[in-house]
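Here's upload_32.pdb, which has PDB, C-alpha atoms:
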```
MODEL        1
ATOM      1  CA  THR N   1      13.267 -57.360-323.391
ATOM      2  CA  GLY N   2      16.137 -55.609-325.145
ATOM      3  CA  ASN N   3      15.529 -52.440-323.164
ATOM      4  CA  THR N   4      16.012 -54.003-319.744
ATOM      5  CA  LEU N   5      19.260 -53.317-317.894
ATOM      6  CA  VAL N   6      20.448 -56.341-315.929
ATOM      7  CA  ILE N   7      23.461 -56.046-313.613
ATOM      8  CA  PHE N   8      25.245 -58.774-311.700
ATOM      9  CA  THR N   9      27.666 -57.553-309.024
ATOM     10  CA  SER N  10      28.418 -57.627-305.308
ATOM     11  CA  ASP N  11      28.863 -54.978-302.648
ATOM     12  CA  ASN N  12      32.228 -56.279-301.411
ATOM     13  CA  GLY N  13      34.774 -59.050-301.697
ATOM     14  CA  ALA N  14      34.532 -62.690-300.767
ATOM     15  CA  PRO N  15      33.969 -63.721-297.150
ATOM     16  CA  HIS N  16      36.797 -64.926-294.926
ATOM     17  CA  TYR N  17      36.433 -68.546-293.961
ATOM     18  CA  ILE N  18      39.188 -70.719-292.604
ATOM     19  CA  GLY N  19      40.568 -72.777-295.444
ATOM     20  CA  LEU N  20      38.785 -70.812-298.179
ATOM     21  CA  ASP N  21      41.113 -67.795-298.492
ATOM     22  CA  HIS N  22      42.293 -69.133-301.835
ATOM     23  CA  LEU N  23      38.910 -68.147-303.309
ATOM     24  CA  ASN N  24      40.135 -64.544-303.509
ATOM     25  CA  ALA N  25      43.376 -65.431-305.303
ATOM     26  CA  PRO N  26      45.331 -63.600-306.566
ATOM     27  CA  TYR N  27      43.988 -60.822-304.338
ATOM     28  CA  ARG N  28      44.894 -60.219-300.708
ATOM     29  CA  GLY N  29      42.209 -59.773-298.068
ATOM     30  CA  TRP N  30      38.499 -60.471-297.860
ATOM     31  CA  LYS N  31      35.165 -58.873-296.976
ATOM     32  CA  ALA N  32      35.468 -56.042-294.405
ATOM     33  CA  THR N  33      39.003 -55.124-295.503
ATOM     34  CA  PHE N  34      40.190 -52.607-298.071
ATOM     35  CA  PHE N  35      42.701 -54.923-299.647
ATOM     36  CA  GLU N  36      41.692 -55.825-303.207
ATOM     37  CA  GLY N  37      40.171 -59.124-302.043
ATOM     38  CA  GLY N  38      37.709 -57.128-299.948
ATOM     39  CA  ILE N  39      36.677 -54.501-302.466
ATOM     40  CA  ARG N  40      37.267 -55.849-305.971
ATOM     41  CA  VAL N  41      34.126 -57.498-307.339
ATOM     42  CA  PRO N  42      32.761 -58.542-310.727
ATOM     43  CA  CYS N  43      30.286 -56.316-312.502
ATOM     44  CA  LEU N  44      28.483 -57.719-315.505
ATOM     45  CA  MET N  45      25.932 -55.641-317.384
ATOM     46  CA  ARG N  46      23.485 -56.621-320.088
ATOM     47  CA  TRP N  47      21.368 -54.027-321.857
ATOM     48  CA  PRO N  48      20.957 -55.055-325.505
ATOM     49  CA  ALA N  49      19.268 -51.804-326.573
ATOM     50  CA  GLN N  50      22.135 -49.656-325.230
ATOM     51  CA  LEU N  51      25.311 -51.651-324.581
ATOM     52  CA  PRO N  52      27.388 -53.567-327.114
ATOM     53  CA  ALA N  53      27.734 -57.279-326.332
ATOM     54  CA  GLY N  54      31.186 -58.384-325.216
ATOM     55  CA  LYS N  55      32.441 -54.883-324.351
ATOM     56  CA  VAL N  56      35.051 -54.830-321.594
ATOM     57  CA  THR N  57      36.275 -51.628-319.984
ATOM     58  CA  ALA N  58      39.262 -50.926-317.782
ATOM     59  CA  GLN N  59      37.333 -48.104-316.128
ATOM     60  CA  MET N  60      37.424 -48.259-312.372
ATOM     61  CA  GLY N  61      33.957 -48.194-310.907
ATOM     62  CA  ILE N  62      32.304 -48.337-307.525
ATOM     63  CA  THR N  63      28.870 -49.559-306.477
ATOM     64  CA  MET N  64      27.732 -45.933-306.026
ATOM     65  CA  ASP N  65      28.050 -45.566-309.816
ATOM     66  CA  LEU N  66      25.050 -47.841-310.220
ATOM     67  CA  HIS N  67      22.738 -45.139-308.801
ATOM     68  CA  ALA N  68      23.640 -42.719-311.607
ATOM     69  CA  THR N  69      23.546 -45.543-314.160
ATOM     70  CA  PHE N  70      20.055 -46.604-313.044
ATOM     71  CA  LEU N  71      18.795 -43.010-313.280
ATOM     72  CA  ARG N  72      20.134 -42.805-316.855
ATOM     73  CA  ALA N  73      18.521 -46.145-317.716
ATOM     74  CA  ALA N  74      15.185 -44.838-316.414
ATOM     75  CA  GLY N  75      15.522 -41.622-318.407
ATOM     76  CA  VAL N  76      15.822 -39.462-315.295
ATOM     77  CA  SER N  77      18.183 -36.479-315.348
ATOM     78  CA  LEU N  78      20.937 -36.424-312.757
ATOM     79  CA  PRO N  79      20.158 -33.929-309.986
ATOM     80  CA  ALA N  80      22.013 -30.618-310.473
ATOM     81  CA  THR N  81      21.485 -29.328-306.940
ATOM     82  CA  LYS N  82      22.870 -32.336-305.145
ATOM     83  CA  PRO N  83      25.543 -34.167-307.141
ATOM     84  CA  LEU N  84      25.716 -37.922-306.805
ATOM     85  CA  ASP N  85      28.799 -39.676-305.476
ATOM     86  CA  GLY N  86      28.853 -41.992-308.483
ATOM     87  CA  ILE N  87      28.954 -41.516-312.243
ATOM     88  CA  ASP N  88      26.818 -42.944-315.038
ATOM     89  CA  LEU N  89      28.845 -45.840-316.451
ATOM     90  CA  THR N  90      26.853 -46.063-319.704
ATOM     91  CA  PRO N  91      29.044 -43.661-321.758
ATOM     92  CA  LEU N  92      32.166 -45.596-320.799
ATOM     93  CA  LEU N  93      30.599 -48.814-321.968
ATOM     94  CA  THR N  94      29.543 -47.334-325.288
ATOM     95  CA  GLY N  95      32.884 -45.967-326.411
ATOM     96  CA  GLN N  96      34.116 -43.076-324.277
ATOM     97  CA  PRO N  97      37.651 -43.598-322.971
ATOM     98  CA  ALA N  98      38.234 -44.471-319.329
ATOM     99  CA  ARG N  99      38.873 -41.489-317.078
ATOM    100  CA  GLU N 100      41.117 -41.032-314.089
ATOM    101  CA  ARG N 101      39.215 -41.292-310.834
ATOM    102  CA  THR N 102      40.157 -41.288-307.187
ATOM    103  CA  PHE N 103      38.370 -43.604-304.763
ATOM    104  CA  PHE N 104      38.210 -43.382-300.981
ATOM    105  CA  TRP N 105      37.138 -45.911-298.357
ATOM    106  CA  ARG N 106      36.929 -46.025-294.596
ATOM    107  CA  ILE N 107      35.762 -48.512-292.064
ATOM    108  CA  ASP N 108      35.800 -47.645-288.386
ATOM    109  CA  ARG N 109      34.570 -50.529-286.288
ATOM    110  CA  THR N 110      35.841 -51.811-282.983
ATOM    111  CA  ASN N 111      37.426 -54.847-284.617
ATOM    112  CA  ARG N 112      38.489 -53.247-287.924
ATOM    113  CA  LYS N 113      39.846 -49.805-288.706
ATOM    114  CA  GLN N 114      41.078 -49.104-292.198
ATOM    115  CA  HIS N 115      41.248 -46.077-294.457
ATOM    116  CA  ALA N 116      42.284 -46.225-298.098
ATOM    117  CA  ILE N 117      42.623 -44.183-301.264
ATOM    118  CA  ARG N 118      43.173 -45.379-304.821
ATOM    119  CA  GLN N 119      44.450 -42.987-307.471
ATOM    120  CA  GLY N 120      45.458 -44.480-310.780
ATOM    121  CA  LYS N 121      47.688 -47.476-310.171
ATOM    122  CA  TRP N 122      48.531 -46.378-306.626
ATOM    123  CA  LYS N 123      46.711 -47.454-303.506
ATOM    124  CA  TYR N 124      47.494 -46.153-300.034
ATOM    125  CA  LEU N 125      46.052 -48.056-297.099
ATOM    126  CA  ASN N 126      46.219 -47.175-293.415
ATOM    127  CA  ASP N 127      45.696 -50.440-291.580
ATOM    128  CA  GLY N 128      44.331 -49.450-288.181
ATOM    129  CA  ASN N 129      47.037 -46.838-287.624
ATOM    130  CA  THR N 130      49.539 -49.675-287.327
ATOM    131  CA  MET N 131      51.245 -49.021-290.648
ATOM    132  CA  ASP N 132      51.103 -47.078-293.870
ATOM    133  CA  LEU N 133      50.947 -49.292-296.944
ATOM    134  CA  LEU N 134      51.490 -48.205-300.540
ATOM    135  CA  PHE N 135      50.911 -50.564-303.445
ATOM    136  CA  ASP N 136      51.404 -50.302-307.198
ATOM    137  CA  LEU N 137      48.370 -52.301-308.337
ATOM    138  CA  GLU N 138      49.598 -52.552-311.930
ATOM    139  CA  ALA N 139      52.746 -54.374-310.811
ATOM    140  CA  ASP N 140      51.432 -56.014-307.618
ATOM    141  CA  ILE N 141      47.713 -56.863-307.747
ATOM    142  CA  GLY N 142      48.181 -59.168-304.750
ATOM    143  CA  GLU N 143      49.374 -56.228-302.600
ATOM    144  CA  ARG N 144      52.427 -58.066-301.306
ATOM    145  CA  THR N 145      55.094 -55.348-301.575
ATOM    146  CA  ASN N 146      54.790 -52.157-299.540
ATOM    147  CA  LEU N 147      56.418 -49.376-301.592
ATOM    148  CA  GLY N 148      55.787 -46.638-299.031
ATOM    149  CA  TYR N 149      59.434 -46.450-297.996
ATOM    150  CA  GLN N 150      60.481 -45.981-301.633
ATOM    151  CA  HIS N 151      57.870 -43.260-302.305
ATOM    152  CA  PRO N 152      57.466 -41.203-299.091
ATOM    153  CA  GLU N 153      56.293 -38.091-300.979
ATOM    154  CA  LEU N 154      53.541 -40.072-302.705
ATOM    155  CA  VAL N 155      52.444 -41.507-299.352
ATOM    156  CA  LYS N 156      52.328 -37.976-297.930
ATOM    157  CA  GLN N 157      50.301 -36.728-300.920
ATOM    158  CA  LEU N 158      47.773 -39.590-300.774
ATOM    159  CA  LYS N 159      47.454 -39.306-296.984
ATOM    160  CA  GLY N 160      46.717 -35.599-297.426
ATOM    161  CA  LYS N 161      43.980 -36.261-299.986
ATOM    162  CA  LEU N 162      42.523 -38.945-297.742
ATOM    163  CA  ALA N 163      42.537 -36.550-294.759
ATOM    164  CA  LEU N 164      40.715 -33.878-296.794
ATOM    165  CA  TRP N 165      38.103 -36.431-297.873
ATOM    166  CA  GLU N 166      37.695 -37.563-294.249
ATOM    167  CA  GLN N 167      37.093 -33.951-293.183
ATOM    168  CA  GLU N 168      34.507 -33.517-295.936
ATOM    169  CA  MET N 169      32.716 -36.708-294.909
ATOM    170  CA  ASP N 170      32.765 -35.776-291.228
ATOM    171  CA  ALA N 171      31.349 -32.317-292.030
ATOM    172  CA  THR N 172      28.507 -33.739-294.107
ATOM    173  CA  GLU N 173      25.187 -33.590-292.337
ATOM    174  CA  ARG N 174      23.688 -37.047-291.993
ATOM    175  CA  GLU N 175      20.034 -37.751-291.865
ATOM    176  CA  ILE N 176      18.879 -41.217-290.971
ATOM    177  CA  LEU N 177      15.198 -41.981-290.978
ATOM    178  CA  VAL N 178      14.116 -44.915-288.835
ATOM    179  CA  ARG N 179      10.502 -46.022-288.967
TER     180      ARG N 179
ENDMDL
END
```
Encoded form using structure tokens:
Amino acid sequence: TGNTLVIFTSDNGAPHYIGLDHLNAPYRGWKATFFEGGIRVPCLMRWPAQLPAGKVTAQMGITMDLHATFLRAAGVSLPATKPLDGIDLTPLLTGQPARERTFFWRIDRTNRKQHAIRQGKWKYLNDGNTMDLLFDLEADIGERTNLGYQHPELVKQLKGKLALWEQEMDATEREILVR
């Protein structure tokens, strides 16, 4: 019906198979990396009763935004006592201007360690403590040119924000229920 929200998306980038890396072009990387090829995914929404057909937004989003968007679609108020990590995307798709957001990622596995932050057009990526990478995604969506040496103060600033986020995440009590 016209009041059904349908979303098509993915939780991460394309897989890495020998000979198929071109599937992520023009992006660098693949699933389980924080290069754009590992985190940039399509998100298509259809909700005739609420969203205008053909609307495209430049708003950055993350899969966690879908939680808040689903609550809105169901008519449920967002919890005031425990804020969600994501935002309701509906207002942005119905006319509100895009807003500046900062995104953080980390993966800490034996075979892959990466930490990243994206703020505006800038993305800082720590690739397993082997190097600091800074990319201007407006000018270099393929993440081919490391600008960290040209912008050491920006690298320092983004690393500081990432470190504060890491501390917040590490201090957060985790509860995992296994049945």
Q: Go through the shown structure with the PyMOL selection byres ((chain N and resi 124) around 12) and write out the matching residues as a ChimeraX atom specification.
A: /N:34-36,102-106,114-123,125-127,131-137,143,146-148,151-162
Q.
Which residues are near Thr63 in chain N? Cut-off 8 Å, all atoms listed in the file, ignore same chain within fewer than 4 positions. Put them as a PyMOL selection string.
A. chain N and resi 11+67+86
Residues just named, written with C-alpha atoms as a JSON list (two decimals), in the coordinates of the input:
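File written: again-v3.json
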```json
[["chain", "number", "residue", "atom", "x", "y", "z"],
["N", 11, "ASP", "CA", 28.86, -54.98, -302.65],
["N", 67, "HIS", "CA", 22.74, -45.14, -308.80],
["N", 86, "GLY", "CA", 28.85, -41.99, -308.48]]
```
**Q.** Distance in Å - CA of Glu166 in chain N versus CA of Lys113 in chain N
**A.**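 Computed distance, CA of Glu166 in chain N to CA of Lys113 in chain N, equals 13.6 Å.
Minimum distance to Ala74 in chain N across N:Asp88, N:Thr9, N:Leu93, N:Glu168 (counting only C-alpha atoms) occurs at N:Asp88.
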Extract, using all atoms listed in the file, all DNA, RNA and protein residues at most 10 Å from range 41-45 of chain N, discarding same-chain residues fewer than 4 positions from it, and format them as an mmCIF file with C-alpha atoms, keeping the file's coordinate frame.
```
data_model
loop_
_atom_site.group_PDB
_atom_site.id
_atom_site.type_symbol
_atom_site.label_atom_id
_atom_site.label_comp_id
_atom_site.auth_asym_id
_atom_site.auth_seq_id
_atom_site.Cartn_x
_atom_site.Cartn_y
_atom_site.Cartn_z
ATOM 1 C CA LEU N 5 19.260 -53.317 -317.894
ATOM 2 C CA VAL N 6 20.448 -56.341 -315.929
ATOM 3 C CA ILE N 7 23.461 -56.046 -313.613
ATOM 4 C CA PHE N 8 25.245 -58.774 -311.700
ATOM 5 C CA THR N 9 27.666 -57.553 -309.024
ATOM 6 C CA SER N 10 28.418 -57.627 -305.308
ATOM 7 C CA ASP N 11 28.863 -54.978 -302.648
ATOM 8 C CA ASN N 12 32.228 -56.279 -301.411
ATOM 9 C CA GLY N 13 34.774 -59.050 -301.697
ATOM 10 C CA ALA N 14 34.532 -62.690 -300.767
ATOM 11 C CA GLU N 36 41.692 -55.825 -303.207
ATOM 12 C CA GLY N 37 40.171 -59.124 -302.043
ATOM 13 C CA LEU N 51 25.311 -51.651 -324.581
ATOM 14 C CA ALA N 53 27.734 -57.279 -326.332
ATOM 15 C CA GLY N 54 31.186 -58.384 -325.216
ATOM 16 C CA LYS N 55 32.441 -54.883 -324.351
ATOM 17 C CA VAL N 56 35.051 -54.830 -321.594
ATOM 18 C CA GLY N 61 33.957 -48.194 -310.907
ATOM 19 C CA ILE N 62 32.304 -48.337 -307.525
ATOM 20 C CA THR N 63 28.870 -49.559 -306.477
ATOM 21 C CA THR N 90 26.853 -46.063 -319.704
ATOM 22 C CA LEU N 93 30.599 -48.814 -321.968
#
```
